[in-house]
Amino acid sequence: MSQVNNPVAIDNDGSAVLERNVEPSKQLAHTVAEAVELYDVDRTAAHIAEGGYSRVALQFPDELLADSTLVSAALQERTEARVFILADTSYGSCCVDEVAAEHYAADAVVHYGRTCLSLTTRLPVVYVFGRDAVDAADLCAQCESELQGSRVLLVSDVQYAHALEDIGKALRGICKEVVVSRIAVQDCAYVPGAEDAAEPGRLWELEHPIGEYTMLYVGEESLTLTNLLVTQRCQSAFSYAPQTRTLRAESARVNRHLSRRYHMVQRARDANVVGIVVGTLAAVRYQSVVDALKQLIRRAGKKFYVFVVGKLNVAKLANFPEIEAYVLVACPENSLVDSKDFYQPVVTPYELLLALSRSHEWTGDYITDFHAFLNELDQRTDDDVGDEEDVPHFSLVTGTLRQARRYNDPRASSSRDVTVQSGSTEIAQYMGSAGAEHLLARAFRGLGHDDQEGEDSEPMLAVDGLSGIASKYTHETK
């Protein structure tokens, strides 16, 4: 993916964009032979032939797109199926983009690079993780003083999964116990609905409670690491970055991250208007989570709006100033958004459940999986959600008592419902409309809305407006 280095000033004539130099993504394979080895082309071709697929979509993340044409050409030579490249993804590149693949009538997807290992619903998937190098001797030398005599749970990012067994053997000489995780779909395709099909995910078997283990993560800092740290409550955690050969303790980072998430939970509790942002269309049961969130927010007496905005960014969510908090329905990794750059907090479904719960306190347990969240929600009763009627709650964010606005309660007072009168005859009442309330509170509500009450405004003829760009209209002199 090309990288843009410098912003464009708003008072230029546009030539800076045309003359700017961009740096393409780094190419890892320079020949077809290198691409075949690096991207497991022969194994992929065998899976395609075994499944009898005729149209196969190749999904690359931005950082691997430079190698996509070599891989596509090598696969085309080894299979009778027609292959094509998905150059962009609808949401995060870690998720299998079934929507884009189905636009081209694909009957299978080959996913390359980092992945969140979320379950898909319709298309078979072949995962190609890559085989990045790890210096096992250096890793063990750095871990000797930290992990001596410990029980260790060894996990990794997907591109280092091939080396975990060798690393585990080396660590057993210094550790009391080493449990090596594995990825179920590392050597096989995932076919939704097939009997005895291996499901994507990390697997391990522990003889003792997870709280007695130290997690050792092999890989660079990523959303995968963050998700594992907050969902697996090990007694301590370390990460080893193979590219820089550095070992780092992660416990303090986990505490800081959870403190920020707890602050966002409190801000979400104060919100009266919640936006449900759909951040995936491929993960299994995402629609069930959206429906459950609607019911949860409705029971709490709050107002909700549903948004489908594709890839999340600050500018998109800033278009809706009446929304006081967002809940993101996405894969386990993309749902943990650091919302310090956003104008409103962006929380996970589980965090919103904590925010709207009366009696349950956060113990530090964390849920990002859709199935686990729905099971947790089923255990909550209607009486456990929302604040008691007409009883204000103490806000830990503002340090004051707040009276919740109950949008969905028919018994609630209508004194704050928006009433708009046109002339002296027509009256329109917007009961429980957060958008209308926000519009009424604005100083400027649009042409025709700010006239004096009782005055009739004569319609105006349309005239030619300004033309050109804002920095220099055509009628302005140099």
# chains A, B, ... in the order shown; residues from 1 in each chain; ligands from 1

call {"tool": "residues_around", "arguments": {"residues": "Tyr305 of chain A", "least_positions_apart": "2", "cutoff": "7 Å", "atoms": "only C-alpha atoms", "output": "list in words"}}
result
Val274, Gly275, Ile276 and Phe307 of chain A

call {"tool": "write_last_selection", "arguments": {"atoms": "all heavy atoms", "output": "mmCIF file, in the first residue's frame"}}
result
data_model
loop_
_atom_site.group_PDB
_atom_site.id
_atom_site.type_symbol
_atom_site.label_atom_id
_atom_site.label_comp_id
_atom_site.auth_asym_id
_atom_site.auth_seq_id
_atom_site.Cartn_x
_atom_site.Cartn_y
_atom_site.Cartn_z
ATOM 1 N N VAL A 274 -26.825 5.950 21.781
ATOM 2 C CA VAL A 274 -25.752 5.007 21.463
ATOM 3 C C VAL A 274 -25.805 4.646 19.981
ATOM 4 O O VAL A 274 -26.884 4.363 19.442
ATOM 5 C CB VAL A 274 -25.863 3.725 22.314
ATOM 6 C CG1 VAL A 274 -24.734 2.749 21.990
ATOM 7 C CG2 VAL A 274 -25.850 4.070 23.798
ATOM 8 N N GLY A 275 -24.659 4.661 19.339
ATOM 9 C CA GLY A 275 -24.558 4.227 17.945
ATOM 10 C C GLY A 275 -23.997 2.824 17.861
ATOM 11 O O GLY A 275 -22.943 2.531 18.433
ATOM 12 N N ILE A 276 -24.703 1.923 17.180
ATOM 13 C CA ILE A 276 -24.222 0.554 16.956
ATOM 14 C C ILE A 276 -23.517 0.535 15.606
ATOM 15 O O ILE A 276 -24.154 0.692 14.560
ATOM 16 C CB ILE A 276 -25.375 -0.460 16.983
ATOM 17 C CG1 ILE A 276 -26.131 -0.392 18.316
ATOM 18 C CG2 ILE A 276 -24.859 -1.870 16.745
ATOM 19 C CD1 ILE A 276 -27.368 -1.283 18.359
ATOM 20 N N PHE A 307 -25.205 1.937 12.327
ATOM 21 C CA PHE A 307 -24.365 2.485 11.263
ATOM 22 C C PHE A 307 -23.559 1.365 10.613
ATOM 23 O O PHE A 307 -23.029 0.496 11.303
ATOM 24 C CB PHE A 307 -23.388 3.536 11.808
ATOM 25 C CG PHE A 307 -24.051 4.703 12.489
ATOM 26 C CD1 PHE A 307 -24.259 4.685 13.857
ATOM 27 C CD2 PHE A 307 -24.467 5.800 11.765
ATOM 28 C CE1 PHE A 307 -24.872 5.751 14.496
ATOM 29 C CE2 PHE A 307 -25.085 6.869 12.390
ATOM 30 C CZ PHE A 307 -25.281 6.856 13.749
#

call {"tool": "select_by_dssp", "arguments": {"residues": "segment 80-211 of chain A", "states": "strand (DSSP E or B)", "output": "list in words"}}
result
Arg82, Val83, Phe84, Ile85, Leu86, Ala108, Val109, Val110, His111, Tyr112, Val125, Val126, Tyr127, Val128, Arg151, Val152, Leu153, Leu154, Val155, Ser156, Glu177, Val178, Val179, Val180, Arg182, Ile183, Tyr190, Arg202 and Leu203 of chain A

call {"tool": "closest_atom_pairs", "arguments": {"of": "segment 35-121 of chain A", "to": "segment 172-194 of chain A", "cutoff": "9 Å", "atoms": "only C-alpha atoms", "output": "CSV"}}
result
residue,atom,partner,partner_atom,distance
A:Arg43,CA,A:Asp187,CA,8.5
A:His47,CA,A:Ala189,CA,7.0
A:Leu117,CA,A:Val185,CA,8.9
A:Leu119,CA,A:Pro192,CA,8.1
A:Thr120,CA,A:Pro192,CA,6.7
A:Thr121,CA,A:Pro192,CA,6.0

call {"tool": "write_last_selection", "arguments": {"atoms": "all heavy atoms", "output": "PDB file, in the first residue's frame"}}
result
ATOM      1  N   ARG A  43       0.813 -26.194  -1.648  1.00  0.00           N
ATOM      2  CA  ARG A  43      -0.241 -26.647  -0.725  1.00  0.00           C
ATOM      3  C   ARG A  43      -1.578 -26.000  -1.045  1.00  0.00           C
ATOM      4  O   ARG A  43      -2.632 -26.649  -1.003  1.00  0.00           O
ATOM      5  CB  ARG A  43       0.154 -26.328   0.722  1.00  0.00           C
ATOM      6  CG  ARG A  43      -0.886 -26.764   1.753  1.00  0.00           C
ATOM      7  CD  ARG A  43      -0.422 -26.466   3.168  1.00  0.00           C
ATOM      8  NE  ARG A  43      -0.377 -25.033   3.434  1.00  0.00           N
ATOM      9  CZ  ARG A  43      -1.422 -24.314   3.866  1.00  0.00           C
ATOM     10  NH1 ARG A  43      -2.597 -24.906   4.053  1.00  0.00           N
ATOM     11  NH2 ARG A  43      -1.292 -23.030   4.110  1.00  0.00           N
ATOM     12  N   HIS A  47      -5.219 -27.823  -2.143  1.00  0.00           N
ATOM     13  CA  HIS A  47      -6.520 -27.606  -1.498  1.00  0.00           C
ATOM     14  C   HIS A  47      -7.575 -27.179  -2.525  1.00  0.00           C
ATOM     15  O   HIS A  47      -8.734 -27.602  -2.447  1.00  0.00           O
ATOM     16  CB  HIS A  47      -6.393 -26.533  -0.419  1.00  0.00           C
ATOM     17  CG  HIS A  47      -5.740 -27.012   0.841  1.00  0.00           C
ATOM     18  ND1 HIS A  47      -6.170 -28.137   1.519  1.00  0.00           N
ATOM     19  CD2 HIS A  47      -4.686 -26.525   1.547  1.00  0.00           C
ATOM     20  CE1 HIS A  47      -5.411 -28.326   2.595  1.00  0.00           C
ATOM     21  NE2 HIS A  47      -4.502 -27.357   2.624  1.00  0.00           N
ATOM     22  N   LEU A 117      -8.714 -15.110  12.721  1.00  0.00           N
ATOM     23  CA  LEU A 117      -9.232 -16.475  12.821  1.00  0.00           C
ATOM     24  C   LEU A 117     -10.712 -16.520  13.193  1.00  0.00           C
ATOM     25  O   LEU A 117     -11.165 -17.416  13.910  1.00  0.00           O
ATOM     26  CB  LEU A 117      -8.411 -17.289  13.837  1.00  0.00           C
ATOM     27  CG  LEU A 117      -6.915 -17.463  13.504  1.00  0.00           C
ATOM     28  CD1 LEU A 117      -6.177 -18.104  14.665  1.00  0.00           C
ATOM     29  CD2 LEU A 117      -6.748 -18.289  12.233  1.00  0.00           C
ATOM     30  N   LEU A 119     -14.674 -17.144  12.531  1.00  0.00           N
ATOM     31  CA  LEU A 119     -15.419 -18.109  11.723  1.00  0.00           C
ATOM     32  C   LEU A 119     -16.146 -17.403  10.587  1.00  0.00           C
ATOM     33  O   LEU A 119     -16.713 -16.323  10.771  1.00  0.00           O
ATOM     34  CB  LEU A 119     -16.437 -18.851  12.586  1.00  0.00           C
ATOM     35  CG  LEU A 119     -15.891 -19.765  13.687  1.00  0.00           C
ATOM     36  CD1 LEU A 119     -17.037 -20.333  14.503  1.00  0.00           C
ATOM     37  CD2 LEU A 119     -15.070 -20.885  13.086  1.00  0.00           C
ATOM     38  N   THR A 120     -16.125 -18.005   9.411  1.00  0.00           N
ATOM     39  CA  THR A 120     -16.897 -17.498   8.280  1.00  0.00           C
ATOM     40  C   THR A 120     -18.206 -18.279   8.171  1.00  0.00           C
ATOM     41  O   THR A 120     -18.374 -19.325   8.811  1.00  0.00           O
ATOM     42  CB  THR A 120     -16.099 -17.618   6.974  1.00  0.00           C
ATOM     43  OG1 THR A 120     -15.711 -18.995   6.787  1.00  0.00           O
ATOM     44  CG2 THR A 120     -14.840 -16.772   7.026  1.00  0.00           C
ATOM     45  N   THR A 121     -19.107 -17.778   7.348  1.00  0.00           N
ATOM     46  CA  THR A 121     -20.444 -18.373   7.297  1.00  0.00           C
ATOM     47  C   THR A 121     -20.758 -19.078   5.988  1.00  0.00           C
ATOM     48  O   THR A 121     -21.595 -19.987   5.976  1.00  0.00           O
ATOM     49  CB  THR A 121     -21.502 -17.281   7.522  1.00  0.00           C
ATOM     50  OG1 THR A 121     -21.339 -16.241   6.537  1.00  0.00           O
ATOM     51  CG2 THR A 121     -21.370 -16.673   8.910  1.00  0.00           C
TER      52      THR A 121
END

call {"tool": "closest_residue", "arguments": {"among": "A:Leu147, A:Ala81, A:Ile323, A:Leu28", "to": "Tyr53 of chain A", "atoms": "only C-alpha atoms"}}
result
A:Ala81

call {"tool": "residues_around", "arguments": {"residues": "Gly279 of chain A", "least_positions_apart": "4", "cutoff": "7 Å", "atoms": "only C-alpha atoms", "output": "JSON, numbers by chain"}}
result
{"A": [91, 310, 328, 329, 330]}

call {"tool": "residues_around", "arguments": {"residues": "segment 100-113 of chain A", "least_positions_apart": "6", "cutoff": "8 Å", "atoms": "only C-alpha atoms", "output": "list in words"}}
result
Tyr39, Thr44, Tyr53, Ser54, Arg55, Val56, Ala57, Leu58, Gln59, Phe60, Pro61, Leu64, Leu86, Thr89, Ser90, Cys94, Leu123, Pro124, Val125, Val126, Tyr127, Val128, Phe129, Gly130, Val158 and Gln159 of chain A

call {"tool": "select_by_dssp", "arguments": {"residues": "segment 156-235 of chain A", "states": "helix (DSSP H, G or I)", "output": "list in words"}}
result
Val158, Gln159, Tyr160, Ala161, His162, Ala163, Leu164, Glu165, Asp166, Ile167, Gly168, Lys169, Ala170, Leu171, Ile210, Gly211, Glu212, Leu223, Thr224, Leu225, Thr226, Asn227, Leu228, Leu229, Val230 and Thr231 of chain A

call {"tool": "write_last_selection", "arguments": {"atoms": "C-alpha atoms", "output": "PDB file, in the first residue's frame"}}
result
ATOM      1  CA  VAL A 158       0.203 -16.709  12.836  1.00  0.00           C
ATOM      2  CA  GLN A 159       3.365 -16.192  10.753  1.00  0.00           C
ATOM      3  CA  TYR A 160       5.492 -17.690  13.562  1.00  0.00           C
ATOM      4  CA  ALA A 161       3.219 -20.655  14.315  1.00  0.00           C
ATOM      5  CA  HIS A 162       5.453 -23.007  12.308  1.00  0.00           C
ATOM      6  CA  ALA A 163       8.309 -22.501  14.784  1.00  0.00           C
ATOM      7  CA  LEU A 164       6.433 -23.003  18.066  1.00  0.00           C
ATOM      8  CA  GLU A 165       7.210 -26.720  18.459  1.00  0.00           C
ATOM      9  CA  ASP A 166      10.967 -26.123  18.132  1.00  0.00           C
ATOM     10  CA  ILE A 167      10.790 -23.178  20.548  1.00  0.00           C
ATOM     11  CA  GLY A 168       8.784 -25.289  23.008  1.00  0.00           C
ATOM     12  CA  LYS A 169      11.410 -28.059  22.968  1.00  0.00           C
ATOM     13  CA  ALA A 170      14.151 -25.528  23.702  1.00  0.00           C
ATOM     14  CA  LEU A 171      12.188 -23.913  26.556  1.00  0.00           C
ATOM     15  CA  ILE A 210      -4.591 -20.546  33.512  1.00  0.00           C
ATOM     16  CA  GLY A 211      -3.792 -18.178  36.371  1.00  0.00           C
ATOM     17  CA  GLU A 212      -0.789 -20.371  37.232  1.00  0.00           C
ATOM     18  CA  LEU A 223      -3.985  -6.418  17.919  1.00  0.00           C
ATOM     19  CA  THR A 224      -3.540 -10.178  18.293  1.00  0.00           C
ATOM     20  CA  LEU A 225      -1.274  -9.608  21.284  1.00  0.00           C
ATOM     21  CA  THR A 226      -3.670  -7.080  22.810  1.00  0.00           C
ATOM     22  CA  ASN A 227      -6.625  -9.456  22.444  1.00  0.00           C
ATOM     23  CA  LEU A 228      -4.735 -12.349  24.056  1.00  0.00           C
ATOM     24  CA  LEU A 229      -3.518 -10.192  26.923  1.00  0.00           C
ATOM     25  CA  VAL A 230      -6.954  -8.926  27.916  1.00  0.00           C
ATOM     26  CA  THR A 231      -8.874 -12.181  27.428  1.00  0.00           C
TER      27      THR A 231
END
